[in-house]
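*Asks:* File name run27.cif; file contents mmCIF, C-alpha atoms; full text below.
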```cif
data_final
#
loop_
_atom_site.group_PDB
_atom_site.id
_atom_site.type_symbol
_atom_site.label_atom_id
_atom_site.label_comp_id
_atom_site.auth_asym_id
_atom_site.auth_seq_id
_atom_site.Cartn_x
_atom_site.Cartn_y
_atom_site.Cartn_z
ATOM 1 C CA MET A 1 16.740 -5.804 20.625
ATOM 2 C CA SER A 2 19.027 -4.814 17.729
ATOM 3 C CA ASP A 3 19.634 -1.213 16.667
ATOM 4 C CA ILE A 4 17.638 -1.805 13.495
ATOM 5 C CA GLU A 5 14.676 -3.211 15.417
ATOM 6 C CA SER A 6 14.738 -0.346 17.901
ATOM 7 C CA LYS A 7 14.691 2.207 15.103
ATOM 8 C CA SER A 8 12.316 0.532 12.708
ATOM 9 C CA GLY A 9 9.897 -1.200 15.054
ATOM 10 C CA SER A 10 8.067 -4.157 13.588
ATOM 11 C CA ALA A 11 8.483 -5.279 10.004
ATOM 12 C CA ASP A 12 5.012 -3.938 9.224
ATOM 13 C CA GLU A 13 5.923 -0.470 10.502
ATOM 14 C CA ALA A 14 9.162 -0.492 8.519
ATOM 15 C CA ARG A 15 7.181 -1.024 5.330
ATOM 16 C CA ILE A 16 5.122 2.140 5.712
ATOM 17 C CA ARG A 17 5.781 4.098 2.524
ATOM 18 C CA VAL A 18 6.025 7.845 3.041
ATOM 19 C CA ALA A 19 6.178 10.779 0.624
ATOM 20 C CA VAL A 20 7.302 14.259 1.695
ATOM 21 C CA ILE A 21 6.056 17.518 0.160
ATOM 22 C CA ASP A 22 7.718 20.804 1.131
ATOM 23 C CA ASP A 23 9.116 23.622 -0.978
ATOM 24 C CA HIS A 24 12.010 24.360 1.403
ATOM 25 C CA GLU A 25 14.739 21.988 0.288
ATOM 26 C CA MET A 26 16.815 22.120 3.468
ATOM 27 C CA PHE A 27 13.807 21.429 5.676
ATOM 28 C CA ARG A 28 12.583 18.664 3.374
ATOM 29 C CA THR A 29 16.018 17.051 3.420
ATOM 30 C CA GLY A 30 16.111 17.237 7.202
ATOM 31 C CA VAL A 31 12.690 15.626 7.547
ATOM 32 C CA ILE A 32 13.624 12.833 5.163
ATOM 33 C CA SER A 33 16.851 12.219 7.078
ATOM 34 C CA THR A 34 14.865 11.999 10.320
ATOM 35 C CA LEU A 35 12.299 9.575 8.885
ATOM 36 C CA GLN A 36 14.528 7.272 6.817
ATOM 37 C CA PRO A 37 15.542 4.986 9.719
ATOM 38 C CA TYR A 38 11.857 4.257 10.360
ATOM 39 C CA PHE A 39 10.047 4.363 7.014
ATOM 40 C CA ASP A 40 10.497 3.766 3.315
ATOM 41 C CA ILE A 41 10.695 7.278 1.809
ATOM 42 C CA VAL A 42 9.366 6.653 -1.681
ATOM 43 C CA ALA A 43 9.206 10.159 -3.160
ATOM 44 C CA GLN A 44 9.349 13.889 -2.542
ATOM 45 C CA ALA A 45 8.076 17.054 -4.206
ATOM 46 C CA ALA A 46 8.343 20.823 -3.864
ATOM 47 C CA ASP A 47 5.269 22.181 -5.667
ATOM 48 C CA VAL A 48 1.645 21.384 -6.379
ATOM 49 C CA GLU A 49 2.105 19.936 -9.865
ATOM 50 C CA GLY A 50 5.087 17.841 -8.825
ATOM 51 C CA ALA A 51 3.249 16.593 -5.738
ATOM 52 C CA GLU A 52 0.189 15.472 -7.668
ATOM 53 C CA ALA A 53 2.283 13.612 -10.253
ATOM 54 C CA MET A 54 4.443 12.063 -7.551
ATOM 55 C CA ILE A 55 1.471 10.812 -5.532
ATOM 56 C CA ALA A 56 -0.192 9.321 -8.624
ATOM 57 C CA GLU A 57 3.008 7.487 -9.541
ATOM 58 C CA SER A 58 4.298 6.336 -6.146
ATOM 59 C CA ARG A 59 0.970 5.828 -4.302
ATOM 60 C CA PRO A 60 2.481 6.243 -0.831
ATOM 61 C CA ASP A 61 0.818 5.010 2.344
ATOM 62 C CA VAL A 62 1.280 8.364 4.067
ATOM 63 C CA VAL A 63 1.820 11.774 2.495
ATOM 64 C CA LEU A 64 3.485 14.360 4.715
ATOM 65 C CA LEU A 65 2.712 17.768 3.247
ATOM 66 C CA ASP A 66 3.208 21.436 3.967
ATOM 67 C CA VAL A 67 0.196 23.723 3.782
ATOM 68 C CA HIS A 68 1.869 26.457 1.752
ATOM 69 C CA VAL A 69 3.260 24.907 -1.420
ATOM 70 C CA PRO A 70 3.745 26.921 -4.634
ATOM 71 C CA GLY A 71 2.231 26.117 -7.999
ATOM 72 C CA GLY A 72 -1.143 24.977 -9.233
ATOM 73 C CA SER A 73 -3.998 27.409 -8.709
ATOM 74 C CA GLY A 74 -2.540 28.732 -5.465
ATOM 75 C CA GLY A 75 -4.373 26.322 -3.180
ATOM 76 C CA GLY A 76 -1.230 24.771 -1.702
ATOM 77 C CA GLY A 77 -1.730 21.707 0.470
ATOM 78 C CA SER A 78 -5.516 21.807 0.159
ATOM 79 C CA GLU A 79 -5.295 21.776 -3.631
ATOM 80 C CA ILE A 80 -2.924 18.799 -3.509
ATOM 81 C CA LEU A 81 -5.315 16.945 -1.223
ATOM 82 C CA LEU A 82 -8.361 17.544 -3.383
ATOM 83 C CA ASN A 83 -6.630 16.639 -6.645
ATOM 84 C CA ALA A 84 -4.421 13.767 -5.482
ATOM 85 C CA GLN A 85 -6.800 11.743 -3.331
ATOM 86 C CA PRO A 86 -8.697 10.318 -6.338
ATOM 87 C CA LEU A 87 -5.324 9.418 -7.896
ATOM 88 C CA SER A 88 -4.227 7.444 -4.825
ATOM 89 C CA PRO A 89 -7.324 6.738 -2.728
ATOM 90 C CA ASP A 90 -5.496 4.561 -0.183
ATOM 91 C CA SER A 91 -2.999 7.284 0.738
ATOM 92 C CA VAL A 92 -3.559 9.211 3.962
ATOM 93 C CA PHE A 93 -2.366 12.761 4.474
ATOM 94 C CA LEU A 94 -0.683 14.410 7.451
ATOM 95 C CA ALA A 95 -0.097 18.158 7.305
ATOM 96 C CA LEU A 96 3.234 19.395 8.682
ATOM 97 C CA SER A 97 3.423 23.168 8.668
ATOM 98 C CA VAL A 98 4.938 26.169 10.391
ATOM 99 C CA SER A 99 1.469 27.745 10.259
ATOM 100 C CA ASP A 100 -1.004 27.355 13.102
ATOM 101 C CA SER A 101 -3.638 29.721 11.718
ATOM 102 C CA PRO A 102 -7.293 28.620 11.894
ATOM 103 C CA GLN A 103 -7.690 29.176 8.158
ATOM 104 C CA ASP A 104 -4.807 26.861 7.245
ATOM 105 C CA VAL A 105 -5.811 24.170 9.711
ATOM 106 C CA GLY A 106 -9.455 24.267 8.660
ATOM 107 C CA SER A 107 -8.749 24.216 4.934
ATOM 108 C CA VAL A 108 -6.603 21.076 4.918
ATOM 109 C CA ILE A 109 -8.800 19.220 7.404
ATOM 110 C CA ARG A 110 -11.897 19.918 5.318
ATOM 111 C CA ALA A 111 -9.948 18.845 2.216
ATOM 112 C CA GLY A 112 -9.297 15.453 3.783
ATOM 113 C CA ALA A 113 -6.104 15.509 5.866
ATOM 114 C CA ARG A 114 -6.171 12.997 8.700
ATOM 115 C CA GLY A 115 -3.960 15.128 10.915
ATOM 116 C CA TYR A 116 -2.128 18.418 11.324
ATOM 117 C CA VAL A 117 1.070 18.974 13.291
ATOM 118 C CA THR A 118 3.329 22.012 13.430
ATOM 119 C CA LYS A 119 7.029 22.110 12.590
ATOM 120 C CA THR A 120 7.898 22.527 16.255
ATOM 121 C CA ILE A 121 7.175 18.800 16.652
ATOM 122 C CA SER A 122 10.050 16.560 17.748
ATOM 123 C CA GLY A 123 11.406 13.860 15.473
ATOM 124 C CA ASP A 124 10.117 11.078 17.731
ATOM 125 C CA ASP A 125 6.636 12.611 17.844
ATOM 126 C CA LEU A 126 6.592 13.005 14.065
ATOM 127 C CA VAL A 127 7.463 9.332 13.628
ATOM 128 C CA SER A 128 4.687 8.434 16.068
ATOM 129 C CA SER A 129 2.201 10.713 14.282
ATOM 130 C CA ILE A 130 2.902 9.087 10.919
ATOM 131 C CA ARG A 131 2.375 5.638 12.393
ATOM 132 C CA GLN A 132 -0.870 6.736 14.030
ATOM 133 C CA VAL A 133 -2.440 8.224 10.893
ATOM 134 C CA HIS A 134 -1.385 5.111 8.988
ATOM 135 C CA GLU A 135 -3.261 3.043 11.575
ATOM 136 C CA GLY A 136 -6.386 5.147 11.090
ATOM 137 C CA TYR A 137 -6.148 7.630 13.955
ATOM 138 C CA ALA A 138 -6.594 11.396 13.753
ATOM 139 C CA VAL A 139 -3.513 13.263 14.981
ATOM 140 C CA PHE A 140 -3.305 16.961 15.824
ATOM 141 C CA SER A 141 -0.938 19.171 17.757
ATOM 142 C CA PRO A 142 -2.759 19.851 21.047
ATOM 143 C CA LYS A 143 -2.975 23.612 20.644
ATOM 144 C CA LEU A 144 -4.728 23.211 17.273
ATOM 145 C CA ALA A 145 -7.677 21.361 18.789
ATOM 146 C CA GLY A 146 -9.999 24.354 18.805
ATOM 147 C CA PHE A 147 -9.342 25.019 15.131
ATOM 148 C CA VAL A 148 -10.090 21.396 14.304
ATOM 149 C CA LEU A 149 -13.419 21.612 16.095
ATOM 150 C CA SER A 150 -14.242 24.770 14.151
ATOM 151 C CA ALA A 151 -13.410 23.016 10.882
ATOM 152 C CA PHE A 152 -15.966 20.331 11.675
ATOM 153 C CA GLN A 153 -18.720 22.601 12.977
ATOM 154 C CA GLY A 154 -21.876 21.989 11.001
ATOM 155 C CA ALA A 155 -20.519 18.797 9.434
ATOM 156 C CA SER A 156 -22.891 15.870 9.374
ATOM 157 C CA LEU A 157 -22.137 12.922 11.637
ATOM 158 C CA PRO A 158 -20.802 9.742 10.021
ATOM 159 C CA SER A 159 -23.301 7.162 8.845
ATOM 160 C CA GLY A 160 -24.891 5.347 11.746
ATOM 161 C CA ARG A 161 -24.176 8.136 14.263
ATOM 162 C CA HIS A 162 -26.861 10.427 15.551
ATOM 163 C CA GLY A 163 -26.952 13.607 17.566
ATOM 164 C CA GLY A 164 -28.283 11.780 20.632
ATOM 165 C CA ASP A 165 -25.376 9.619 21.772
ATOM 166 C CA ASP A 166 -26.109 7.610 24.917
ATOM 167 C CA GLU A 167 -22.427 6.840 25.481
ATOM 168 C CA LEU A 168 -21.467 10.518 25.340
ATOM 169 C CA ASP A 169 -24.408 11.454 27.541
ATOM 170 C CA SER A 170 -23.183 8.978 30.163
ATOM 171 C CA LEU A 171 -20.145 11.200 30.788
ATOM 172 C CA SER A 172 -20.304 14.136 33.154
ATOM 173 C CA ALA A 173 -19.441 17.607 31.842
ATOM 174 C CA ARG A 174 -15.944 17.389 33.349
ATOM 175 C CA GLU A 175 -15.418 13.889 31.982
ATOM 176 C CA GLN A 176 -16.367 15.118 28.524
ATOM 177 C CA GLU A 177 -13.797 17.912 28.806
ATOM 178 C CA VAL A 178 -11.087 15.450 29.797
ATOM 179 C CA MET A 179 -12.171 12.988 27.091
ATOM 180 C CA ARG A 180 -11.866 15.613 24.356
ATOM 181 C CA LEU A 181 -8.424 16.735 25.523
ATOM 182 C CA ILE A 182 -7.155 13.165 25.730
ATOM 183 C CA ALA A 183 -8.516 12.478 22.227
ATOM 184 C CA ARG A 184 -6.716 15.592 20.930
ATOM 185 C CA GLY A 185 -3.374 14.343 22.184
ATOM 186 C CA TYR A 186 -2.919 16.314 25.411
ATOM 187 C CA THR A 187 -0.771 14.727 28.130
ATOM 188 C CA TYR A 188 -2.156 14.307 31.654
ATOM 189 C CA LYS A 189 0.053 17.189 32.794
ATOM 190 C CA GLU A 190 -1.224 19.468 30.007
ATOM 191 C CA ILE A 191 -4.836 18.588 30.831
ATOM 192 C CA ALA A 192 -4.239 19.344 34.495
ATOM 193 C CA ALA A 193 -2.862 22.773 33.588
ATOM 194 C CA GLU A 194 -5.671 23.451 31.101
ATOM 195 C CA LEU A 195 -8.461 22.560 33.560
ATOM 196 C CA PHE A 196 -6.726 23.722 36.760
ATOM 197 C CA ILE A 197 -6.932 20.314 38.394
ATOM 198 C CA SER A 198 -4.319 17.860 39.648
ATOM 199 C CA VAL A 199 -2.726 15.146 37.505
ATOM 200 C CA LYS A 200 -4.189 12.575 39.908
ATOM 201 C CA THR A 201 -7.682 13.960 39.263
ATOM 202 C CA VAL A 202 -7.058 13.735 35.519
ATOM 203 C CA GLU A 203 -6.070 10.085 35.907
ATOM 204 C CA THR A 204 -9.271 9.413 37.842
ATOM 205 C CA HIS A 205 -11.421 11.069 35.171
ATOM 206 C CA VAL A 206 -9.677 9.149 32.373
ATOM 207 C CA SER A 207 -10.252 5.842 34.166
ATOM 208 C CA LYS A 208 -13.951 6.658 34.543
ATOM 209 C CA VAL A 209 -14.245 7.718 30.892
ATOM 210 C CA LEU A 210 -12.620 4.525 29.613
ATOM 211 C CA ARG A 211 -14.787 2.396 31.892
ATOM 212 C CA LYS A 212 -18.045 4.114 30.894
ATOM 213 C CA LEU A 213 -17.217 3.933 27.188
ATOM 214 C CA GLN A 214 -15.884 0.372 27.497
ATOM 215 C CA LEU A 215 -12.556 1.315 25.914
ATOM 216 C CA SER A 216 -9.090 0.037 26.762
ATOM 217 C CA ASN A 217 -6.717 2.934 26.054
ATOM 218 C CA ARG A 218 -6.351 6.477 24.719
ATOM 219 C CA ASN A 219 -5.861 5.281 21.114
ATOM 220 C CA GLU A 220 -9.281 3.626 21.195
ATOM 221 C CA LEU A 221 -10.671 6.786 22.782
ATOM 222 C CA THR A 222 -9.227 8.938 19.981
ATOM 223 C CA ARG A 223 -10.852 6.739 17.359
ATOM 224 C CA TRP A 224 -14.155 6.762 19.266
ATOM 225 C CA ALA A 225 -14.120 10.585 19.406
ATOM 226 C CA ALA A 226 -13.041 10.918 15.770
ATOM 227 C CA ASP A 227 -15.907 8.679 14.648
ATOM 228 C CA ARG A 228 -18.305 11.114 16.292
ATOM 229 C CA ARG A 229 -16.520 14.219 14.987
ATOM 230 C CA ILE A 230 -16.158 15.529 18.553
ATOM 231 C CA ILE A 231 -12.398 15.963 18.762
#
```
Kindly transcribe the structure held in the file into structure tokens.

*Replies:*
Amino acid sequence: MSDIESKSGSADEARIRVAVIDDHEMFRTGVISTLQPYFDIVAQAADVEGAEAMIAESRPDVVLLDVHVPGGSGGGGSEILLNAQPLSPDSVFLALSVSDSPQDVGSVIRAGARGYVTKTISGDDLVSSIRQVHEGYAVFSPKLAGFVLSAFQGASLPSGRHGGDDELDSLSAREQEVMRLIARGYTYKEIAAELFISVKTVETHVSKVLRKLQLSNRNELTRWAADRRII
């Protein structure tokens, strides 16, 4: 495999068009430098007004945005989401922020972000997260999972889903715990530590969950859980 192929992946992945919104120029420049070998960086912005105009003009596939951005009415990333989505309805939004507060996480998720990761994320994981949200998956830093659940509490289930879910009910209480953690992006090792069980036991539970739900891998499981608003 050539260096270009190893960095860019498939031709389809290389064509993902990304916009970056962050008011800290040095950080924004660093993020763009990290992403350029993998994606087409089409635009950038540092404030609310600039972000909205940029999104309307460039119509990126994925918008990577900070939560706290100056300008506008003071709503930051949430304000950008609410105002820009009608201007570029096919764009998806991934929040990248230093903040891990419940208020910040909840506000951008309710406004329509497909994911939320913190700035402690590695470059490789950020590249992977962008690809995943572009493919339709929800992506969150593992330790933000509880905040995401809180943001969705009381939300209605998607059309066609009902409170009584036979597939979910087929899982034991422990299997449901493991399923939710897998869907939120936890590794087997992190799940083992969280639930005080062995990695081998985690693997066993995951196999049972996938078999009962008739799914093939954790990406399908994440989508299944996201459809039911149970991540």

*Asks:* Go through A:Asp100, A:Glu57, A:Glu49, A:Asp22 one by one, measure the shortest atom-to-atom distance of each to Val69 in chain A using only C-alpha atoms, and give the residue with the smallest value.

*Replies:*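 The closest residue to Val69 in chain A is A:Asp22.
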
*Asks:* Could you build a table of the residues in range 34-59 of chain A lying no more than 12 Å from range 105-124 of chain A, giving for each the nearest pair of atoms and their separation in Å rounded to one decimal place, using only C-alpha atoms, ordered by chain and ascending residue number, as JSON lines?

*Replies:*
```
{"residue": "A:Thr34", "atom": "CA", "partner": "A:Gly123", "partner_atom": "CA", "distance": 6.5}
{"residue": "A:Leu35", "atom": "CA", "partner": "A:Gly123", "partner_atom": "CA", "distance": 7.9}
{"residue": "A:Gln36", "atom": "CA", "partner": "A:Gly123", "partner_atom": "CA", "distance": 11.3}
{"residue": "A:Pro37", "atom": "CA", "partner": "A:Gly123", "partner_atom": "CA", "distance": 11.4}
{"residue": "A:Tyr38", "atom": "CA", "partner": "A:Asp124", "partner_atom": "CA", "distance": 10.2}
```

*Asks:* How many Å separate CA of Ser33 in chain A from CA of Gly74 in chain A?

*Replies:* 28.4 Å

*Asks:* Residues near range 80-95 of chain A, anyone? I mean within 7 Å using only C-alpha atoms, not counting same-chain ones fewer than 2 positions away, as number ranges by chain.

*Replies:* A: 48, 51-52, 55-56, 59-67, 76-78, 97, 111-117, 134

*Asks:* Using CA of Met179 in chain A and CA of Val209 in chain A as the two end points, give the distance in Å to one decimal.

*Replies:*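 Atom-to-atom, CA of Met179 in chain A and CA of Val209 in chain A are spaced 6.8 Å apart.
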
*Asks:* Using Å and a single decimal, report how far CA of Ala226 in chain A sits from CA of Ser141 in chain A.

*Replies:* 14.8 Å

*Asks:* Written as a compact mmCIF listing (two decimals) with C-alpha atoms, in the coordinates of the input, which residues does the PyMOL selection byres ((chain A and resi 42) around 10) give for the file shown?

*Replies:*
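Output file out_0.txt follows:
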```
# COMPACT_ATOMS: atom_id res chain seq x y z
CA ILE A 16 5.12 2.14 5.71
CA ARG A 17 5.78 4.10 2.52
CA VAL A 18 6.02 7.84 3.04
CA ALA A 19 6.18 10.78 0.62
CA VAL A 20 7.30 14.26 1.70
CA GLN A 36 14.53 7.27 6.82
CA PHE A 39 10.05 4.36 7.01
CA ASP A 40 10.50 3.77 3.32
CA ILE A 41 10.70 7.28 1.81
CA ALA A 43 9.21 10.16 -3.16
CA GLN A 44 9.35 13.89 -2.54
CA MET A 54 4.44 12.06 -7.55
CA ILE A 55 1.47 10.81 -5.53
CA SER A 58 4.30 6.34 -6.15
CA ARG A 59 0.97 5.83 -4.30
CA PRO A 60 2.48 6.24 -0.83
CA ASP A 61 0.82 5.01 2.34
```

*Asks:* Given all atoms listed in the file as the basis, pick out the residue of A:Arg28, A:Lys200, A:Arg228, A:Arg131 nearest to Leu168 in chain A.

*Replies:*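 Of all the options, A:Arg228 lies closest to Leu168 in chain A.
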
*Asks:* Which residues, written as a count of residues only, have at least one atom at most 12 Å from range 186-199 of chain A, with all atoms listed in the file counted and residues fewer than 6 positions away on the same chain left out?

*Replies:* 20

*Asks:* Taking the file as I've supplied it (selection: the PyMOL selection byres ((chain A and resi 219) around 10)), which residues are included? Please answer as a list in words.

*Replies:* Gln132, Tyr137, Ala138, Ile182, Ala183, Gly185, Leu215, Ser216, Asn217, Arg218, Glu220, Leu221, Thr222, Arg223, Trp224 and Ala225 of chain A

*Asks:* So, counting all atoms listed in the file, which residue among A:Lys208, A:Ser129, A:Arg184, A:Ala53 is closest to Ser172 in chain A?

*Replies:*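 Under the stated criterion, the closest residue is A:Lys208.
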